[in-house]
Amino acid sequence: MPNLLPTLEVCDVPKGAGTAPVVFMLAGFPDDHSVFAKLADDLKRTHRVIVACLPLYDQTSLKEGQSDYYSVEEVLFRLEATVYSKTDPGQKVTLVIHDFGCPFGYHFAFLHPDKVDRLVGLDIGCTNLARPAEKGSRHRYKLEKFPELPEGPEPPRTKDKLNQLFYQLYFSFAYLFGRKVNYAVGTALLRGFIKCMHLFRFLNTDPKSKAARDLKDVRCWHAYPYWALWSKILFRPKSYMYTHTYESQYTSSQVASGYTGLIPVWMPMPKCDTLFLYGKRKRIMFHNNCFLKYLKDTPGCAAMGVDGGHWMFLDKPDFCAKVIRDFMDGIVYNYADTIPPKM
């Protein structure tokens with residue numbers, strides 16, 4: 001049995017009522033399963049809900065001899081093994097992803113179109129379109145830009161990019177300091193920076209907006225995904241946009257047939273119906289308008305800004321649950337809609 005991601009399952013669908021459709025949730029930094037508690041509690045009435053978090057995120061201390069690092073490819077392999085082991089053959093899932101769950105979730109959905117029925121991205125948008133590479137290519141698939149906006153190329157969001165660059169490198173530094181020098185000091189550095197982010201309202205401009213995990217449960221080694229990503233970018237400059245050779249036993253034949261290659265760091269737009277919800281009350285955005293326009297123009301897809309911060313599904317749990325439930329039922333709202341869904 002391969003190693004799996006830490007998971008919890010909830011389902012209130014009566015036994016004998018048939019096979020309940022599956023919702024698979026993947027949390028990001030620095031959250032454990034509890035971040036999706038309210039959303040899962042709502043969806044479990046009609047679905048079997050599997051809530052997963054990244055390796056180590058369900059722990060506040062390391063076991064003796066336990067690694068404090070997992071590579072990008074290891075997490076992706078574990079995501080695949082978890083989804084396939086927790087579901088029946090041929091059974092599709094609705095994938096709900098947030099924060100650092102998004103890079104893994106978008107790749108999984110693109111690589112497994114026969115396993116993902118719908119996808120809900122929370123606050124972190126796709127960066128590129130993608131298509132399978134030609135046979136013989138060293139890449140698994142090629143990236144393409146989203147179509148330009150009608151008014152022309154979108155101005156670069158320099159401020160957002162610099163903010164992302166700074167905090168991600170700082171998180172990487174805090175992780176490395178803890179790993180190489182002292183875990184307690186690394187944890188203090190990480191917690192102090194997160195406090196500053198909340199103080200200056202980077203992720204939630206409303207003082208009443210909710211954050212996720214209590215800072216006392218955050219450890220510096222929870223930041224290992226940032227180092228896993230940036231170590232590729234910083235020390236493999238000629239192939240920085242690719243993470244690893246992809247040779248998974250779970251790979252869909254629709255994607256993998258005849259191909260062996262590298263996976264890009266950037267997040268590809270999956271082929272399935274996709275809903276993107278993002279918090280409007282924060283100082284930094286993790287998507288661009290070309291992505292929103294693409295979703296608006298693509299049948300079955302939608303994007304909507306929510307009156308909340310980075311964890312908008314905690315700020316507006318009933319609203320987000322309503323939009324997600326309607327999306328799974330085929331009712332698609334869009335960010336351009338003038339009438340919001342009724343509660």
# chains A, B, ... in the order shown; residues from 1 in each chain; ligands from 1

$ residues_around --residues "segment 90-103 of chain A" --least-positions-apart "6" --cutoff "7 Å" --atoms "only C-alpha atoms" --output "MDAnalysis selection string"
chainID A and resid 22:29 115:124 267

$ write_last_selection --atoms "all heavy atoms" --output "compact mmCIF listing (two decimals), in the first residue's frame"
# COMPACT_ATOMS: atom_id res chain seq x y z
N VAL A 22 -18.74 11.65 -4.52
CA VAL A 22 -17.60 11.95 -3.65
C VAL A 22 -17.11 13.37 -3.88
O VAL A 22 -16.92 13.81 -5.02
CB VAL A 22 -16.45 10.96 -3.89
CG1 VAL A 22 -15.23 11.32 -3.04
CG2 VAL A 22 -16.89 9.54 -3.58
N VAL A 23 -16.89 14.08 -2.78
CA VAL A 23 -16.20 15.37 -2.80
C VAL A 23 -14.86 15.16 -2.10
O VAL A 23 -14.83 14.72 -0.95
CB VAL A 23 -17.00 16.47 -2.09
CG1 VAL A 23 -16.18 17.77 -2.02
CG2 VAL A 23 -18.31 16.73 -2.80
N PHE A 24 -13.77 15.46 -2.79
CA PHE A 24 -12.43 15.32 -2.21
C PHE A 24 -11.86 16.71 -2.00
O PHE A 24 -11.69 17.47 -2.96
CB PHE A 24 -11.52 14.51 -3.13
CG PHE A 24 -10.22 14.11 -2.50
CD1 PHE A 24 -10.06 12.86 -1.93
CD2 PHE A 24 -9.14 14.99 -2.48
CE1 PHE A 24 -8.85 12.50 -1.33
CE2 PHE A 24 -7.94 14.64 -1.89
CZ PHE A 24 -7.79 13.39 -1.31
N MET A 25 -11.56 17.06 -0.74
CA MET A 25 -11.05 18.38 -0.40
C MET A 25 -9.58 18.30 -0.02
O MET A 25 -9.17 17.39 0.71
CB MET A 25 -11.84 18.97 0.77
CG MET A 25 -13.31 19.17 0.49
SD MET A 25 -14.17 19.83 1.95
CE MET A 25 -15.70 20.38 1.22
N LEU A 26 -8.79 19.24 -0.51
CA LEU A 26 -7.37 19.30 -0.17
C LEU A 26 -7.03 20.68 0.37
O LEU A 26 -7.13 21.68 -0.34
CB LEU A 26 -6.51 18.98 -1.39
CG LEU A 26 -4.99 18.98 -1.16
CD1 LEU A 26 -4.60 17.96 -0.09
CD2 LEU A 26 -4.25 18.69 -2.46
N ALA A 27 -6.63 20.73 1.64
CA ALA A 27 -6.29 22.00 2.29
C ALA A 27 -4.86 22.40 1.95
O ALA A 27 -4.05 21.59 1.49
CB ALA A 27 -6.48 21.87 3.80
N GLY A 28 -4.55 23.66 2.20
CA GLY A 28 -3.21 24.18 1.92
C GLY A 28 -2.52 24.67 3.18
O GLY A 28 -2.88 24.30 4.30
N PHE A 29 -1.53 25.53 3.01
CA PHE A 29 -0.74 26.04 4.13
C PHE A 29 -1.57 27.00 4.96
O PHE A 29 -2.24 27.88 4.43
CB PHE A 29 0.49 26.77 3.58
CG PHE A 29 1.34 27.41 4.65
CD1 PHE A 29 2.30 26.67 5.31
CD2 PHE A 29 1.16 28.74 5.00
CE1 PHE A 29 3.08 27.25 6.30
CE2 PHE A 29 1.93 29.33 5.99
CZ PHE A 29 2.89 28.58 6.64
N LYS A 115 -10.93 10.97 -13.80
CA LYS A 115 -11.18 10.82 -12.37
C LYS A 115 -11.84 12.04 -11.74
O LYS A 115 -12.51 11.93 -10.72
CB LYS A 115 -9.85 10.53 -11.64
CG LYS A 115 -10.03 9.95 -10.24
CD LYS A 115 -10.74 8.61 -10.26
CE LYS A 115 -10.88 7.99 -8.89
NZ LYS A 115 -11.66 6.73 -8.94
N VAL A 116 -11.66 13.21 -12.35
CA VAL A 116 -12.20 14.46 -11.78
C VAL A 116 -13.38 14.92 -12.63
O VAL A 116 -13.23 15.24 -13.81
CB VAL A 116 -11.12 15.55 -11.72
CG1 VAL A 116 -11.71 16.84 -11.14
CG2 VAL A 116 -9.94 15.10 -10.87
N ASP A 117 -14.54 14.95 -12.01
CA ASP A 117 -15.76 15.39 -12.69
C ASP A 117 -15.85 16.91 -12.72
O ASP A 117 -16.12 17.52 -13.76
CB ASP A 117 -16.97 14.80 -11.99
CG ASP A 117 -18.27 15.15 -12.70
OD1 ASP A 117 -18.27 15.20 -13.95
OD2 ASP A 117 -19.30 15.36 -12.02
N ARG A 118 -15.63 17.53 -11.57
CA ARG A 118 -15.66 18.98 -11.44
C ARG A 118 -14.56 19.41 -10.48
O ARG A 118 -14.12 18.63 -9.64
CB ARG A 118 -17.02 19.47 -10.91
CG ARG A 118 -18.17 19.33 -11.90
CD ARG A 118 -19.47 19.85 -11.28
NE ARG A 118 -20.54 19.90 -12.25
CZ ARG A 118 -21.34 18.88 -12.53
NH1 ARG A 118 -21.16 17.72 -11.91
NH2 ARG A 118 -22.32 19.01 -13.42
N LEU A 119 -14.18 20.67 -10.59
CA LEU A 119 -13.13 21.21 -9.71
C LEU A 119 -13.57 22.56 -9.17
O LEU A 119 -14.11 23.40 -9.91
CB LEU A 119 -11.81 21.34 -10.47
CG LEU A 119 -10.61 21.83 -9.64
CD1 LEU A 119 -9.34 21.13 -10.09
CD2 LEU A 119 -10.42 23.33 -9.77
N VAL A 120 -13.33 22.76 -7.87
CA VAL A 120 -13.60 24.04 -7.22
C VAL A 120 -12.27 24.57 -6.68
O VAL A 120 -11.69 23.99 -5.75
CB VAL A 120 -14.62 23.91 -6.08
CG1 VAL A 120 -14.85 25.27 -5.41
CG2 VAL A 120 -15.93 23.33 -6.59
N GLY A 121 -11.77 25.65 -7.26
CA GLY A 121 -10.54 26.28 -6.80
C GLY A 121 -10.87 27.44 -5.88
O GLY A 121 -11.73 28.27 -6.22
N LEU A 122 -10.21 27.51 -4.74
CA LEU A 122 -10.49 28.55 -3.75
C LEU A 122 -9.29 29.48 -3.60
O LEU A 122 -8.25 29.10 -3.05
CB LEU A 122 -10.84 27.91 -2.40
CG LEU A 122 -12.07 26.99 -2.41
CD1 LEU A 122 -12.23 26.30 -1.06
CD2 LEU A 122 -13.34 27.77 -2.76
N ASP A 123 -9.40 30.65 -4.19
CA ASP A 123 -8.51 31.80 -4.02
C ASP A 123 -7.18 31.72 -4.78
O ASP A 123 -6.52 32.74 -4.91
CB ASP A 123 -8.22 32.07 -2.54
CG ASP A 123 -8.06 33.57 -2.28
OD1 ASP A 123 -8.94 34.35 -2.70
OD2 ASP A 123 -7.06 33.98 -1.68
N ILE A 124 -6.77 30.57 -5.26
CA ILE A 124 -5.55 30.46 -6.06
C ILE A 124 -5.94 30.02 -7.47
O ILE A 124 -6.48 28.93 -7.65
CB ILE A 124 -4.55 29.44 -5.48
CG1 ILE A 124 -4.29 29.72 -4.00
CG2 ILE A 124 -3.25 29.47 -6.27
CD1 ILE A 124 -3.58 31.03 -3.71
N MET A 267 0.53 26.32 -12.85
CA MET A 267 -0.69 25.54 -12.66
C MET A 267 -1.54 25.52 -13.93
O MET A 267 -2.03 26.56 -14.37
CB MET A 267 -1.48 26.12 -11.49
CG MET A 267 -0.76 25.98 -10.15
SD MET A 267 -1.56 26.81 -8.78
CE MET A 267 -1.10 28.52 -9.10

$ closest_residue --among "A:Cys11, A:Leu39, A:Ala223, A:Ile233" --to "Arg191 of chain A" --atoms "only C-alpha atoms"
A:Ala223

$ residues_around --residues "segment 172-186 of chain A" --least-positions-apart "4" --cutoff "6 Å" --atoms "only C-alpha atoms" --output "PyMOL selection string"
chain A and resi 190+220-221+223+226-227

$ select_by_dssp --residues "segment 59-216 of chain A" --states "strand (DSSP E)" --output "list in words"
Val93, Thr94, Leu95, Val96, Ile97, His98, Val116, Asp117, Arg118, Leu119, Val120, Gly121, Leu122, Leu129, Ala130, Arg131, Pro132, Tyr141, Lys142, Leu143 and Glu144 of chain A

$ residues_around --residues "Ala133 of chain A" --least-positions-apart "2" --cutoff "6 Å" --atoms "only C-alpha atoms" --output "ChimeraX atom specification"
/A:140-142

$ select_by_dssp --residues "segment 135-205 of chain A" --states "alpha helix (DSSP H)" --output "number ranges by chain"
A: 158-180, 183-199

$ closest_residue --among "A:Cys290, A:Ala321, A:Ile331, A:Val265" --to "Ala37 of chain A" --atoms "only C-alpha atoms"
A:Ala321

$ residues_around --residues "Pro299 of chain A" --least-positions-apart "3" --cutoff "12 Å" --atoms "only C-alpha atoms" --output "ChimeraX atom specification"
/A:271-275,293-296,302-303,330-334

$ closest_residue --among "A:Pro6, A:Lys159, A:Met285, A:Trp266" --to "Phe104 of chain A" --atoms "only C-alpha atoms"
A:Trp266

$ closest_residue --among "A:Leu234, A:Leu277, A:Leu262, A:Val10" --to "Ser137 of chain A" --atoms "only C-alpha atoms"
A:Leu262

$ closest_residue --among "A:Gly300, A:Asp160, A:Glu144, A:Tyr167" --to "Asp326 of chain A" --atoms "only C-alpha atoms"
A:Gly300

$ closest_residue --among "A:Lys44, A:Lys135, A:Lys161, A:His107" --to "Pro264 of chain A" --atoms "only C-alpha atoms"
A:His107

$ decode --residues "segment 17-38 of chain A" --atoms "N, CA, C and O atoms" --output "tab-separated table (two decimals), in the first residue's frame"
chain	number	residue	atom	x	y	z
A	17	ALA	N	-28.96	3.95	0.16
A	17	ALA	CA	-29.49	4.99	-0.74
A	17	ALA	C	-28.70	5.05	-2.04
A	17	ALA	O	-28.87	5.97	-2.82
A	18	GLY	N	-27.81	4.09	-2.25
A	18	GLY	CA	-26.98	4.11	-3.45
A	18	GLY	C	-25.62	4.69	-3.14
A	18	GLY	O	-25.35	5.17	-2.03
A	19	THR	N	-24.74	4.64	-4.11
A	19	THR	CA	-23.39	5.17	-3.94
A	19	THR	C	-23.42	6.69	-3.91
A	19	THR	O	-23.87	7.32	-4.87
A	20	ALA	N	-22.96	7.26	-2.82
A	20	ALA	CA	-22.97	8.72	-2.70
A	20	ALA	C	-21.85	9.32	-3.54
A	20	ALA	O	-20.74	8.79	-3.57
A	21	PRO	N	-22.12	10.42	-4.26
A	21	PRO	CA	-21.04	11.09	-5.00
A	21	PRO	C	-19.98	11.59	-4.04
A	21	PRO	O	-20.27	11.91	-2.88
A	22	VAL	N	-18.74	11.65	-4.52
A	22	VAL	CA	-17.60	11.95	-3.65
A	22	VAL	C	-17.11	13.37	-3.88
A	22	VAL	O	-16.92	13.81	-5.02
A	23	VAL	N	-16.89	14.08	-2.78
A	23	VAL	CA	-16.20	15.37	-2.80
A	23	VAL	C	-14.86	15.16	-2.10
A	23	VAL	O	-14.83	14.72	-0.95
A	24	PHE	N	-13.77	15.46	-2.79
A	24	PHE	CA	-12.43	15.32	-2.21
A	24	PHE	C	-11.86	16.71	-2.00
A	24	PHE	O	-11.69	17.47	-2.96
A	25	MET	N	-11.56	17.06	-0.74
A	25	MET	CA	-11.05	18.38	-0.40
A	25	MET	C	-9.58	18.30	-0.02
A	25	MET	O	-9.17	17.39	0.71
A	26	LEU	N	-8.79	19.24	-0.51
A	26	LEU	CA	-7.37	19.30	-0.17
A	26	LEU	C	-7.03	20.68	0.37
A	26	LEU	O	-7.13	21.68	-0.34
A	27	ALA	N	-6.63	20.73	1.64
A	27	ALA	CA	-6.29	22.00	2.29
A	27	ALA	C	-4.86	22.40	1.95
A	27	ALA	O	-4.05	21.59	1.49
A	28	GLY	N	-4.55	23.66	2.20
A	28	GLY	CA	-3.21	24.18	1.92
A	28	GLY	C	-2.52	24.67	3.18
A	28	GLY	O	-2.88	24.30	4.30
A	29	PHE	N	-1.53	25.53	3.01
A	29	PHE	CA	-0.74	26.04	4.13
A	29	PHE	C	-1.57	27.00	4.96
A	29	PHE	O	-2.24	27.88	4.43
A	30	PRO	N	-1.49	26.91	6.29
A	30	PRO	CA	-0.83	25.88	7.11
A	30	PRO	C	-1.86	24.93	7.71
A	30	PRO	O	-1.71	24.47	8.83
A	31	ASP	N	-2.95	24.67	6.98
A	31	ASP	CA	-4.16	24.10	7.56
A	31	ASP	C	-4.18	22.58	7.63
A	31	ASP	O	-3.63	21.90	6.76
A	32	ASP	N	-4.88	22.08	8.64
A	32	ASP	CA	-5.19	20.67	8.72
A	32	ASP	C	-6.64	20.46	8.28
A	32	ASP	O	-7.26	21.36	7.68
A	33	HIS	N	-7.22	19.32	8.58
A	33	HIS	CA	-8.56	19.01	8.12
A	33	HIS	C	-9.63	19.98	8.62
A	33	HIS	O	-10.64	20.20	7.96
A	34	SER	N	-9.40	20.56	9.79
A	34	SER	CA	-10.44	21.36	10.43
A	34	SER	C	-10.83	22.59	9.63
A	34	SER	O	-11.91	23.15	9.83
A	35	VAL	N	-9.98	23.04	8.71
A	35	VAL	CA	-10.29	24.25	7.96
A	35	VAL	C	-11.54	24.05	7.11
A	35	VAL	O	-12.27	25.01	6.82
A	36	PHE	N	-11.83	22.82	6.71
A	36	PHE	CA	-12.99	22.54	5.87
A	36	PHE	C	-14.16	21.98	6.68
A	36	PHE	O	-15.11	21.45	6.09
A	37	ALA	N	-14.12	22.10	8.00
A	37	ALA	CA	-15.14	21.47	8.84
A	37	ALA	C	-16.55	21.96	8.51
A	37	ALA	O	-17.48	21.16	8.34
A	38	LYS	N	-16.73	23.28	8.40
A	38	LYS	CA	-18.07	23.82	8.14
A	38	LYS	C	-18.55	23.46	6.74
A	38	LYS	O	-19.72	23.09	6.55
